[in-house]
>>> print(open('input09.txt').read())   # compact mmCIF, C-alpha atoms
# COMPACT_ATOMS: atom_id res chain seq x y z
CA MET A 9 -34.90 5.15 5.04
CA PRO A 10 -35.84 3.15 1.93
CA SER A 11 -39.54 2.73 1.17
CA LEU A 12 -41.24 -0.38 2.50
CA PRO A 13 -41.74 -3.36 0.17
CA SER A 14 -44.65 -3.47 -2.22
CA PRO A 15 -47.93 -5.10 -1.11
CA ASN A 16 -47.19 -8.15 -3.25
CA LEU A 17 -43.84 -8.66 -1.57
CA ARG A 18 -45.45 -8.11 1.86
CA LEU A 19 -47.90 -10.89 0.96
CA THR A 20 -44.97 -13.16 0.24
CA TYR A 21 -43.51 -12.38 3.66
CA GLU A 22 -46.83 -12.95 5.41
CA THR A 23 -47.25 -16.26 3.61
CA PHE A 24 -43.76 -17.24 4.67
CA ARG A 25 -44.31 -16.03 8.25
CA THR A 26 -47.29 -18.35 8.73
CA ARG A 27 -45.39 -21.42 7.57
CA PRO A 28 -44.27 -23.94 10.22
CA ASN A 29 -40.69 -24.73 11.21
CA LYS A 30 -39.58 -21.10 11.07
CA LYS A 31 -36.16 -21.96 12.50
CA ARG A 32 -34.93 -23.72 9.37
CA PRO A 33 -31.74 -22.25 7.85
CA PHE A 34 -32.48 -19.29 5.65
CA SER A 35 -30.88 -21.00 2.67
CA GLU A 36 -33.72 -23.57 2.89
CA ARG A 37 -36.42 -20.91 2.63
CA PRO A 38 -36.60 -20.47 -1.15
CA CYS A 39 -39.79 -18.38 -1.39
CA ILE A 40 -38.41 -15.19 0.13
CA VAL A 41 -34.98 -15.56 -1.46
CA GLN A 42 -36.55 -16.12 -4.87
CA SER A 43 -38.84 -13.11 -4.38
CA VAL A 44 -35.90 -10.79 -3.72
CA PHE A 45 -33.92 -12.32 -6.57
CA ASN A 46 -36.84 -11.94 -8.99
CA LEU A 47 -37.35 -8.31 -8.06
CA ALA A 48 -33.68 -7.49 -8.65
CA SER A 49 -33.38 -9.46 -11.90
CA GLN A 50 -36.57 -7.87 -13.29
CA GLY A 51 -35.20 -4.38 -12.76
CA HIS A 52 -37.00 -3.60 -9.48
CA LEU A 53 -33.77 -3.03 -7.57
CA SER A 54 -35.23 -0.42 -5.22
CA GLN A 55 -37.97 -2.82 -4.06
CA ALA A 56 -35.46 -5.64 -3.63
CA ILE A 57 -33.22 -3.41 -1.51
CA SER A 58 -36.20 -2.18 0.50
CA SER A 59 -37.07 -5.76 1.42
CA LEU A 60 -33.78 -6.05 3.30
CA GLU A 61 -35.19 -3.78 6.02
CA LEU A 62 -37.98 -6.26 6.74
CA LEU A 63 -35.53 -9.15 6.72
CA ALA A 64 -33.31 -7.36 9.24
CA ARG A 65 -36.28 -6.83 11.56
CA LYS A 66 -36.89 -10.57 11.52
CA GLY A 67 -33.19 -11.24 12.18
CA LEU A 68 -32.78 -12.82 8.75
CA ARG A 69 -30.05 -12.38 6.18
CA LEU A 70 -29.91 -13.34 2.52
CA PRO A 71 -27.35 -16.00 1.48
CA SER A 72 -23.98 -14.67 0.36
CA LYS A 73 -24.59 -15.37 -3.32
CA SER A 74 -27.86 -13.46 -3.25
CA LEU A 75 -26.25 -10.50 -1.51
CA ALA A 76 -23.40 -10.54 -4.03
CA TYR A 77 -25.97 -10.50 -6.84
CA LEU A 78 -27.69 -7.48 -5.29
CA LEU A 79 -24.34 -5.70 -5.01
CA GLN A 80 -23.61 -6.43 -8.67
CA GLN A 81 -26.94 -4.87 -9.62
CA CYS A 82 -26.12 -1.83 -7.46
CA ALA A 83 -22.79 -1.52 -9.29
CA ASN A 84 -24.47 -1.82 -12.70
CA ALA A 85 -26.93 0.90 -11.69
CA LYS A 86 -24.11 3.04 -10.22
CA SER A 87 -26.30 3.35 -7.11
CA LEU A 88 -24.03 4.10 -4.17
CA ARG A 89 -27.00 4.68 -1.83
CA GLN A 90 -28.44 1.22 -2.48
CA ALA A 91 -25.01 -0.42 -2.20
CA LYS A 92 -24.65 1.13 1.25
CA TRP A 93 -28.05 -0.29 2.23
CA VAL A 94 -26.87 -3.79 1.32
CA HIS A 95 -23.72 -3.19 3.36
CA LEU A 96 -25.81 -1.91 6.26
CA HIS A 97 -27.99 -5.03 6.03
CA LEU A 98 -24.87 -7.14 6.64
CA LYS A 99 -24.02 -5.16 9.75
CA LEU A 100 -27.58 -5.14 11.12
CA THR A 101 -27.82 -8.91 10.77
CA GLY A 102 -24.61 -9.54 12.70
CA LEU A 103 -22.06 -9.75 9.88
CA LYS A 104 -19.82 -6.81 10.76
CA HIS A 105 -16.85 -8.57 9.14
CA PRO A 106 -18.08 -10.02 5.82
CA THR A 107 -16.48 -13.06 4.21
CA THR A 108 -13.70 -12.59 1.69
CA PHE A 109 -16.19 -13.35 -1.08
CA LEU A 110 -18.60 -10.61 0.01
CA SER A 111 -15.82 -8.16 0.86
CA ASN A 112 -14.43 -8.52 -2.67
CA GLN A 113 -17.87 -7.76 -4.08
CA LEU A 114 -18.25 -4.75 -1.79
CA ILE A 115 -14.87 -3.36 -2.90
CA SER A 116 -15.75 -3.80 -6.57
CA THR A 117 -19.18 -2.23 -6.08
CA TYR A 118 -17.92 0.78 -4.14
CA PHE A 119 -15.25 1.51 -6.74
CA LYS A 120 -17.80 1.26 -9.57
CA CYS A 121 -20.10 3.60 -7.64
CA GLY A 122 -17.27 6.10 -7.21
CA ASP A 123 -16.63 5.72 -3.47
CA GLU A 124 -12.94 4.96 -3.12
CA VAL A 125 -12.97 5.70 0.63
CA GLU A 126 -15.54 2.99 1.42
CA ALA A 127 -13.76 0.53 -0.88
CA ARG A 128 -10.49 1.14 0.94
CA ASP A 129 -12.21 0.85 4.32
CA VAL A 130 -13.60 -2.59 3.41
CA PHE A 131 -10.15 -3.64 2.18
CA ASP A 132 -8.38 -2.46 5.34
CA LYS A 133 -10.78 -4.45 7.54
CA MET A 134 -10.34 -7.72 5.64
CA SER A 135 -8.53 -10.43 7.59
CA VAL A 136 -8.07 -12.68 4.54
CA ARG A 137 -7.31 -11.37 1.05
CA ASN A 138 -6.93 -13.31 -2.19
CA LEU A 139 -6.03 -12.59 -5.81
CA TYR A 140 -9.53 -11.28 -6.52
CA THR A 141 -9.04 -8.74 -3.73
CA TRP A 142 -5.85 -7.36 -5.27
CA ASN A 143 -7.37 -7.34 -8.75
CA ASN A 144 -10.39 -5.40 -7.46
CA MET A 145 -8.12 -2.79 -5.87
CA LEU A 146 -6.04 -2.54 -9.04
CA SER A 147 -9.08 -2.27 -11.32
CA GLY A 148 -10.65 0.28 -8.99
CA GLU A 149 -7.57 2.50 -8.97
CA LEU A 150 -7.31 2.35 -12.76
CA ARG A 151 -11.02 3.12 -13.14
CA ARG A 152 -10.91 6.24 -10.98
CA LEU A 153 -7.91 7.84 -12.72
CA PRO A 154 -9.17 10.82 -14.75
CA ILE A 155 -6.38 10.96 -17.33
CA GLY A 156 -6.66 7.45 -18.76
CA TYR A 157 -3.98 4.87 -19.32
CA ASN A 158 -0.81 6.87 -19.75
CA GLU A 159 2.58 6.81 -18.02
CA PHE A 160 1.35 8.76 -15.02
CA SER A 161 -1.76 6.64 -14.48
CA PHE A 162 0.36 3.48 -14.44
CA ALA A 163 2.73 5.19 -11.99
CA GLY A 164 -0.29 5.93 -9.80
CA VAL A 165 -1.37 2.28 -9.88
CA LEU A 166 2.15 1.18 -8.94
CA THR A 167 1.93 3.35 -5.84
CA VAL A 168 -1.07 1.21 -4.87
CA CYS A 169 1.14 -1.88 -5.26
CA VAL A 170 3.61 -0.24 -2.87
CA LYS A 171 0.87 0.47 -0.30
CA LEU A 172 -0.46 -3.08 -0.55
CA LYS A 173 3.05 -4.60 -0.62
CA GLU A 174 1.72 -7.26 -2.97
CA LEU A 175 4.45 -8.72 -5.19
CA GLU A 176 2.21 -10.72 -7.51
CA LEU A 177 0.06 -7.66 -8.21
CA THR A 178 3.21 -5.64 -9.00
CA ARG A 179 4.22 -8.25 -11.56
CA GLN A 180 0.77 -8.17 -13.12
CA VAL A 181 0.97 -4.40 -13.46
CA GLN A 182 4.45 -4.65 -14.97
CA GLY A 183 3.04 -7.08 -17.53
CA GLN A 184 0.32 -4.59 -18.47
CA VAL A 185 2.92 -1.82 -18.64
CA LEU A 186 5.04 -3.96 -20.98
CA VAL A 187 2.08 -4.66 -23.27
CA ALA A 188 1.21 -0.94 -23.31
CA GLY A 189 4.79 -0.09 -24.33
CA PHE A 190 5.59 2.08 -21.30
CA LEU A 191 8.31 -0.02 -19.64
CA SER A 192 11.12 2.01 -21.23
CA ASN A 193 9.58 5.17 -19.78
CA VAL A 194 11.61 6.64 -16.89
CA VAL A 195 8.53 7.44 -14.81
CA ILE A 196 7.25 3.88 -15.10
CA SER A 197 10.62 2.16 -14.68
CA SER A 198 11.33 4.23 -11.54
CA SER A 199 7.92 3.31 -10.14
CA VAL A 200 8.45 -0.39 -10.90
CA VAL A 201 11.84 -0.33 -9.13
CA ASP A 202 10.26 1.32 -6.09
CA ALA A 203 7.35 -1.14 -6.06
CA TYR A 204 9.61 -4.20 -6.24
CA ALA A 205 11.90 -2.83 -3.53
CA LYS A 206 8.99 -2.05 -1.17
CA CYS A 207 7.58 -5.55 -1.80
CA GLY A 208 10.89 -7.06 -0.71
CA GLU A 209 11.90 -8.31 -4.17
CA MET A 210 15.33 -6.69 -4.26
CA GLY A 211 16.56 -8.90 -7.12
CA ASP A 212 13.94 -7.64 -9.57
CA ALA A 213 14.34 -4.11 -8.23
CA ARG A 214 18.09 -4.23 -8.86
CA ARG A 215 17.70 -5.65 -12.36
CA MET A 216 15.21 -2.95 -13.27
CA PHE A 217 17.49 -0.27 -11.82
CA ASP A 218 20.51 -1.58 -13.75
CA ASP A 219 18.48 -1.51 -16.97
CA MET A 220 17.75 2.18 -16.49
CA SER A 221 20.38 4.05 -18.50
CA HIS A 222 21.80 7.45 -17.57
CA GLY A 223 20.02 10.53 -18.82
CA HIS A 224 16.53 9.37 -17.85
CA GLY A 225 16.14 12.42 -15.66
CA GLU A 226 16.28 14.68 -18.70
CA LYS A 227 13.71 12.47 -20.48
CA ALA A 228 11.43 12.65 -17.46
CA MET A 229 11.66 16.44 -17.39
CA LYS A 230 10.89 16.71 -21.11
CA MET A 231 7.95 14.35 -20.77
CA PHE A 232 6.67 16.30 -17.75
CA ASP A 233 6.80 19.54 -19.76
CA ASP A 234 4.95 17.87 -22.65
CA VAL A 235 2.23 16.59 -20.32
CA VAL A 236 1.71 20.01 -18.75
CA ARG A 237 1.58 21.70 -22.17
CA SER A 238 -1.04 19.18 -23.30
CA GLY A 239 -3.36 20.47 -20.58
CA VAL A 240 -3.21 17.43 -18.28
CA LYS A 241 -3.06 18.51 -14.64
CA PRO A 242 -0.33 16.69 -12.70
CA ASP A 243 -1.16 15.46 -9.20
CA ARG A 244 0.97 14.89 -6.08
CA ILE A 245 2.03 11.43 -7.28
CA THR A 246 3.30 12.88 -10.55
CA PHE A 247 5.60 15.22 -8.65
CA VAL A 248 6.89 12.43 -6.40
CA VAL A 249 7.88 10.41 -9.48
CA ILE A 250 9.51 13.38 -11.25
CA LEU A 251 11.43 14.47 -8.14
CA ASN A 252 12.71 10.92 -7.66
CA ALA A 253 13.88 10.86 -11.28
CA CYS A 254 15.74 14.15 -10.74
CA SER A 255 17.35 12.75 -7.60
CA HIS A 256 18.61 9.59 -9.34
CA SER A 257 19.99 11.63 -12.24
CA GLY A 258 21.59 14.36 -10.11
CA LEU A 259 19.43 17.11 -11.62
CA VAL A 260 19.56 19.56 -8.71
CA LEU A 261 18.43 22.76 -10.45
CA GLU A 262 15.73 20.94 -12.41
CA GLY A 263 14.49 19.27 -9.23
CA LEU A 264 14.28 22.61 -7.44
CA LYS A 265 12.40 24.10 -10.38
CA VAL A 266 9.84 21.27 -10.34
CA PHE A 267 9.46 21.51 -6.57
CA ASN A 268 8.86 25.26 -6.66
CA SER A 269 6.38 24.91 -9.54
CA MET A 270 4.11 22.71 -7.41
CA THR A 271 2.76 25.66 -5.44
CA CYS A 272 3.38 28.50 -7.89
CA ASP A 273 2.06 26.88 -11.08
CA HIS A 274 -0.13 23.96 -10.03
CA GLY A 275 -1.56 24.91 -6.64
CA ILE A 276 -0.28 21.75 -4.91
CA VAL A 277 1.14 22.19 -1.42
CA PRO A 278 4.23 19.97 -0.99
CA ASP A 279 3.78 17.28 1.67
CA GLN A 280 6.28 15.25 3.69
CA GLU A 281 6.97 12.89 0.77
CA HIS A 282 7.81 15.74 -1.60
CA TYR A 283 10.14 17.33 0.96
CA ALA A 284 11.82 13.95 1.49
CA CYS A 285 12.49 13.82 -2.26
CA LEU A 286 13.89 17.36 -2.18
CA VAL A 287 16.15 16.48 0.76
CA ASP A 288 17.45 13.54 -1.26
CA ILE A 289 18.07 15.71 -4.33
CA LEU A 290 19.97 18.43 -2.45
CA GLY A 291 21.64 16.12 0.05
CA ARG A 292 23.08 13.74 -2.55
CA ALA A 293 24.63 16.76 -4.27
CA GLY A 294 26.05 17.99 -0.94
CA CYS A 295 23.99 21.21 -1.04
CA PHE A 296 23.30 21.26 2.70
CA ASP A 297 22.93 25.04 2.98
CA GLU A 298 20.13 25.08 0.41
CA LEU A 299 18.67 21.96 1.99
CA MET A 300 18.35 23.66 5.38
CA LYS A 301 16.82 26.78 3.78
CA GLN A 302 14.14 24.64 2.16
CA LEU A 303 13.38 22.81 5.41
CA GLU A 304 12.96 26.15 7.19
CA LYS A 305 10.22 27.01 4.68
CA MET A 306 8.15 23.94 5.59
CA SER A 307 4.70 24.82 6.89
CA CYS A 308 4.94 21.94 9.38
CA LYS A 309 7.72 20.20 11.27
CA PRO A 310 9.75 17.57 9.38
CA GLY A 311 8.23 14.12 9.85
CA GLU A 312 9.57 10.60 9.69
CA ARG A 313 10.09 10.54 5.91
CA VAL A 314 12.01 13.82 5.84
CA LEU A 315 14.20 13.01 8.84
CA ASN A 316 15.06 9.55 7.51
CA ALA A 317 16.01 11.07 4.15
CA LEU A 318 18.12 13.68 5.96
CA ILE A 319 19.92 11.04 8.02
CA GLY A 320 20.59 9.06 4.83
CA VAL A 321 22.32 11.92 2.98
CA CYS A 322 24.21 12.91 6.13
CA ARG A 323 25.69 9.41 6.30
CA ILE A 324 26.66 9.60 2.61
CA HIS A 325 28.60 12.85 3.06
CA GLY A 326 29.73 12.33 6.65
CA ASN A 327 27.72 15.26 7.99
CA ILE A 328 27.65 13.69 11.43
CA GLU A 329 26.44 16.67 13.46
CA LEU A 330 23.39 17.31 11.29
CA GLY A 331 22.69 13.58 11.20
CA ARG A 332 22.84 13.48 15.01
CA LYS A 333 20.29 16.28 15.33
CA ALA A 334 17.98 14.59 12.83
CA ALA A 335 18.22 11.28 14.69
CA GLU A 336 17.42 12.99 18.01
CA HIS A 337 14.32 14.61 16.45
CA LEU A 338 13.30 11.25 15.03
CA ILE A 339 13.48 9.73 18.52
CA GLU A 340 11.13 12.46 19.77
CA LEU A 341 8.67 11.54 17.01
CA GLU A 342 8.97 7.76 17.44
CA PRO A 343 10.06 7.10 21.03
CA GLN A 344 9.08 3.40 20.83
CA SER A 345 10.79 2.66 17.51
CA SER A 346 14.28 1.17 17.78
CA ALA A 347 15.52 2.50 14.40
CA PRO A 348 16.31 6.11 15.40
CA TYR A 349 18.09 4.95 18.58
CA VAL A 350 20.29 2.62 16.53
CA LEU A 351 21.05 5.40 14.04
CA LEU A 352 21.95 7.86 16.80
CA SER A 353 24.10 5.25 18.54
CA SER A 354 26.03 4.57 15.32
CA ILE A 355 26.58 8.29 14.77
CA TYR A 356 27.95 8.72 18.29
CA ALA A 357 30.21 5.71 17.71
CA VAL A 358 31.66 7.33 14.56
CA LEU A 359 32.39 10.45 16.62
CA GLY A 360 34.03 8.31 19.30
CA ARG A 361 31.54 9.48 21.92
CA TRP A 362 31.21 6.14 23.70
CA GLU A 363 29.58 7.62 26.79
CA SER A 364 26.81 8.94 24.58
CA VAL A 365 26.49 5.51 22.97
CA GLU A 366 25.95 4.00 26.40
CA LYS A 367 23.41 6.70 27.31
CA VAL A 368 21.39 5.88 24.20
CA ARG A 369 21.35 2.21 25.17
CA GLN A 370 20.30 3.10 28.72
CA LEU A 371 17.52 5.29 27.33
CA MET A 372 16.30 2.34 25.25
CA ASP A 373 16.24 0.17 28.38
CA GLU A 374 14.38 2.80 30.39
CA ARG A 375 11.73 3.11 27.69
CA HIS A 376 11.60 -0.65 27.13
CA VAL A 377 12.55 -0.23 23.48
CA ARG A 378 13.80 -3.41 21.86
CA LYS A 379 15.64 -3.56 18.57
CA GLU A 380 13.59 -5.52 16.07
CA ARG A 381 15.33 -8.52 14.59
CA ALA A 382 16.20 -8.07 10.94
CA ILE A 383 14.12 -10.21 8.61
CA SER A 384 15.02 -11.33 5.11
CA TRP A 385 12.49 -12.93 2.81
CA ILE A 386 12.40 -14.49 -0.63
CA GLU A 387 9.53 -15.75 -2.74
CA ILE A 388 9.93 -19.25 -4.21
CA GLU A 389 7.13 -20.89 -6.20
CA ASN A 390 4.55 -18.33 -5.01
CA LYS A 391 5.48 -18.90 -1.35
CA VAL A 392 7.25 -16.26 0.73
CA ASN A 393 9.98 -17.59 3.04
CA ALA A 394 11.16 -15.37 5.92
CA PHE A 395 14.43 -15.68 7.81
CA THR A 396 15.88 -14.00 10.90
CA VAL A 397 19.30 -14.00 12.52
CA SER A 398 19.99 -17.35 14.25
CA ASP A 399 16.60 -18.57 13.05
CA ARG A 400 15.79 -21.98 14.59
CA LEU A 401 12.07 -21.99 13.83
CA HIS A 402 12.10 -22.40 10.05
CA PRO A 403 10.80 -25.85 9.00
CA LEU A 404 13.83 -26.36 6.72
CA LYS A 405 16.38 -25.13 9.26
CA GLU A 406 18.49 -28.32 9.09
CA VAL A 407 18.88 -28.06 5.31
CA ILE A 408 19.52 -24.31 5.45
CA TYR A 409 22.27 -24.53 8.05
CA SER A 410 23.82 -27.50 6.26
CA VAL A 411 24.09 -25.45 3.06
CA LEU A 412 25.46 -22.46 4.98
CA GLU A 413 28.10 -24.64 6.59
CA HIS A 414 29.08 -26.00 3.19
CA LEU A 415 29.30 -22.49 1.70
CA SER A 416 31.35 -21.28 4.66
CA GLY A 417 33.79 -24.14 4.21
CA GLN A 418 34.00 -23.49 0.48
CA THR A 419 34.70 -19.80 1.15
CA GLU A 420 37.56 -20.67 3.52
CA GLU A 421 39.06 -23.03 0.93
CA ASP A 422 38.87 -20.38 -1.80
CA SER A 423 40.45 -17.83 0.55
CA SER A 424 43.32 -20.20 1.33
CA LEU A 425 43.95 -20.83 -2.37
CA LEU A 426 44.08 -17.09 -3.06
CA ASP A 427 46.54 -16.55 -0.21
CA ALA A 428 48.74 -19.37 -1.56
CA GLU A 429 48.75 -17.90 -5.08
CA ARG A 430 49.92 -14.55 -3.68
>>> encode(input="input09.txt", output="structure tokens")
Amino acid sequence: MPSLPSPNLRLTYETFRTRPNKKRPFSERPCIVQSVFNLASQGHLSQAISSLELLARKGLRLPSKSLAYLLQQCANAKSLRQAKWVHLHLKLTGLKHPTTFLSNQLISTYFKCGDEVEARDVFDKMSVRNLYTWNNMLSGELRRLPIGYNEFSFAGVLTVCVKLKELELTRQVQGQVLVAGFLSNVVISSSVVDAYAKCGEMGDARRMFDDMSHGHGEKAMKMFDDVVRSGVKPDRITFVVILNACSHSGLVLEGLKVFNSMTCDHGIVPDQEHYACLVDILGRAGCFDELMKQLEKMSCKPGERVLNALIGVCRIHGNIELGRKAAEHLIELEPQSSAPYVLLSSIYAVLGRWESVEKVRQLMDERHVRKERAISWIEIENKVNAFTVSDRLHPLKEVIYSVLEHLSGQTEEDSSLLDAER
């Protein structure tokens, strides 16, 4: 527990307590607010924080701007303990879900005090987020990276963009990457492609992918070797990026070497994401025997990422039986998700096993699993527009269907002209 306020501050409270009309809004009670503000601004942060305990007992809470100021002072002092007391004061006075303004300040403060977990917890509980929220998360991730602003730190920040699925933030990071001169780097360009794709911006993802020339896998491997030789310790994200680069460039042996070095040379135990990358590397090359040997070495059962990757490469090479087994395992893991049922049904259809197709559909009905409607979305003038099949709820539906009808007619005319020319 923090120490109680100083005698002078207690006198201020007692003076305030004896004043009439105690039910006035707290924002209209300047004496106590000013006392706390003065203490904090004059460098007596501990006393200012301690006063919050007395306020909580009286059922009072400082105005948002005053609390934000206290949090800023906690951040400047790198005092995590005092920041948590301010946060606790919010909860004790009935504000379990702070405003966006206060939540942004809490995120910034926790990051500056070195507590990423608390910062993320505040972020996850926010119902409304704005540009300041994303910037705080971005700045916090950059601040906590131990190796500075190099290609791998930017790749790490881009993984945050993927988690947040925030397109505007991804573009801001790409701008910083461009200014820093890293955009031609294979690690960064691969991360940008992934971030845009996960944010639903397939156009930008495709353009970035097309700009990536062949041979980037070799460059990534050389750069990885240089980084290791320089004494910088790669983390799990580094290996995800490098393994993806090997997969896109078809570097099977190099990918296996990097994967094996994780445990042997760097003491990092591969997780589901690393195994999914390895499945992609070996599966794309058609090395299914080696793929199965690697999966047998896993310390845990293959999860969603690994099984989805396995199903993907099985579809590429027509390995229907292995794909069927993977889909069945995926159903066991996610019995209420429609995706594995649809995948298994399509595999049975390719094999011509129509009775099995019907059984899968019956199983979906028995478990009350419904296939989610596919959604497409596009961002126009900072506004995201979503569409579904046979969508009749969009506010511009009349215009949309009018354009579609026109395009359909134009397509039929062009098809007729081509047939006539033949």
>>> atom_distance(input="input09.txt", atom1="CA of Val266 (chain A)", atom2="CA of Leu251 (chain A)")
7.3 Å
>>> residues_near_point(input="input09.txt", point="(27.8, 6.3, 22.6)", cutoff="12 Å", atoms="only C-alpha atoms", output="PDB file with C-alpha atoms, keeping the file's coordinate frame")
ATOM      1  CA  ARG A 332      22.840  13.480  15.010  1.00  0.00           C
ATOM      2  CA  TYR A 349      18.090   4.950  18.580  1.00  0.00           C
ATOM      3  CA  VAL A 350      20.290   2.620  16.530  1.00  0.00           C
ATOM      4  CA  LEU A 351      21.050   5.400  14.040  1.00  0.00           C
ATOM      5  CA  LEU A 352      21.950   7.860  16.800  1.00  0.00           C
ATOM      6  CA  SER A 353      24.100   5.250  18.540  1.00  0.00           C
ATOM      7  CA  SER A 354      26.030   4.570  15.320  1.00  0.00           C
ATOM      8  CA  ILE A 355      26.580   8.290  14.770  1.00  0.00           C
ATOM      9  CA  TYR A 356      27.950   8.720  18.290  1.00  0.00           C
ATOM     10  CA  ALA A 357      30.210   5.710  17.710  1.00  0.00           C
ATOM     11  CA  VAL A 358      31.660   7.330  14.560  1.00  0.00           C
ATOM     12  CA  LEU A 359      32.390  10.450  16.620  1.00  0.00           C
ATOM     13  CA  GLY A 360      34.030   8.310  19.300  1.00  0.00           C
ATOM     14  CA  ARG A 361      31.540   9.480  21.920  1.00  0.00           C
ATOM     15  CA  TRP A 362      31.210   6.140  23.700  1.00  0.00           C
ATOM     16  CA  GLU A 363      29.580   7.620  26.790  1.00  0.00           C
ATOM     17  CA  SER A 364      26.810   8.940  24.580  1.00  0.00           C
ATOM     18  CA  VAL A 365      26.490   5.510  22.970  1.00  0.00           C
ATOM     19  CA  GLU A 366      25.950   4.000  26.400  1.00  0.00           C
ATOM     20  CA  LYS A 367      23.410   6.700  27.310  1.00  0.00           C
ATOM     21  CA  VAL A 368      21.390   5.880  24.200  1.00  0.00           C
ATOM     22  CA  ARG A 369      21.350   2.210  25.170  1.00  0.00           C
ATOM     23  CA  GLN A 370      20.300   3.100  28.720  1.00  0.00           C
ATOM     24  CA  LEU A 371      17.520   5.290  27.330  1.00  0.00           C
TER      25      LEU A 371
END
>>> atom_distance(input="input09.txt", atom1="CA of Asp273 (chain A)", atom2="CA of Gly311 (chain A)")
25.3 Å
>>> residues_around(input="input09.txt", residues="Ser116 (chain A)", least_positions_apart="2", cutoff="8 Å", atoms="all atoms listed in the file", output="PDB file with C-alpha atoms, keeping the file's coordinate frame")
ATOM      1  CA  ALA A  83     -22.790  -1.520  -9.290  1.00  0.00           C
ATOM      2  CA  ASN A 112     -14.430  -8.520  -2.670  1.00  0.00           C
ATOM      3  CA  GLN A 113     -17.870  -7.760  -4.080  1.00  0.00           C
ATOM      4  CA  LEU A 114     -18.250  -4.750  -1.790  1.00  0.00           C
ATOM      5  CA  TYR A 118     -17.920   0.780  -4.140  1.00  0.00           C
ATOM      6  CA  PHE A 119     -15.250   1.510  -6.740  1.00  0.00           C
ATOM      7  CA  LYS A 120     -17.800   1.260  -9.570  1.00  0.00           C
ATOM      8  CA  ALA A 127     -13.760   0.530  -0.880  1.00  0.00           C
ATOM      9  CA  ASN A 144     -10.390  -5.400  -7.460  1.00  0.00           C
ATOM     10  CA  MET A 145      -8.120  -2.790  -5.870  1.00  0.00           C
ATOM     11  CA  GLY A 148     -10.650   0.280  -8.990  1.00  0.00           C
TER      12      GLY A 148
END
>>> closest_residue(input="input09.txt", among="A:His325, A:His52, A:Arg375, A:Lys206", to="Cys82 (chain A)", atoms="all atoms listed in the file")
A:His52
>>> atom_distance(input="input09.txt", atom1="CA of Arg89 (chain A)", atom2="CA of Met134 (chain A)")
22.1 Å
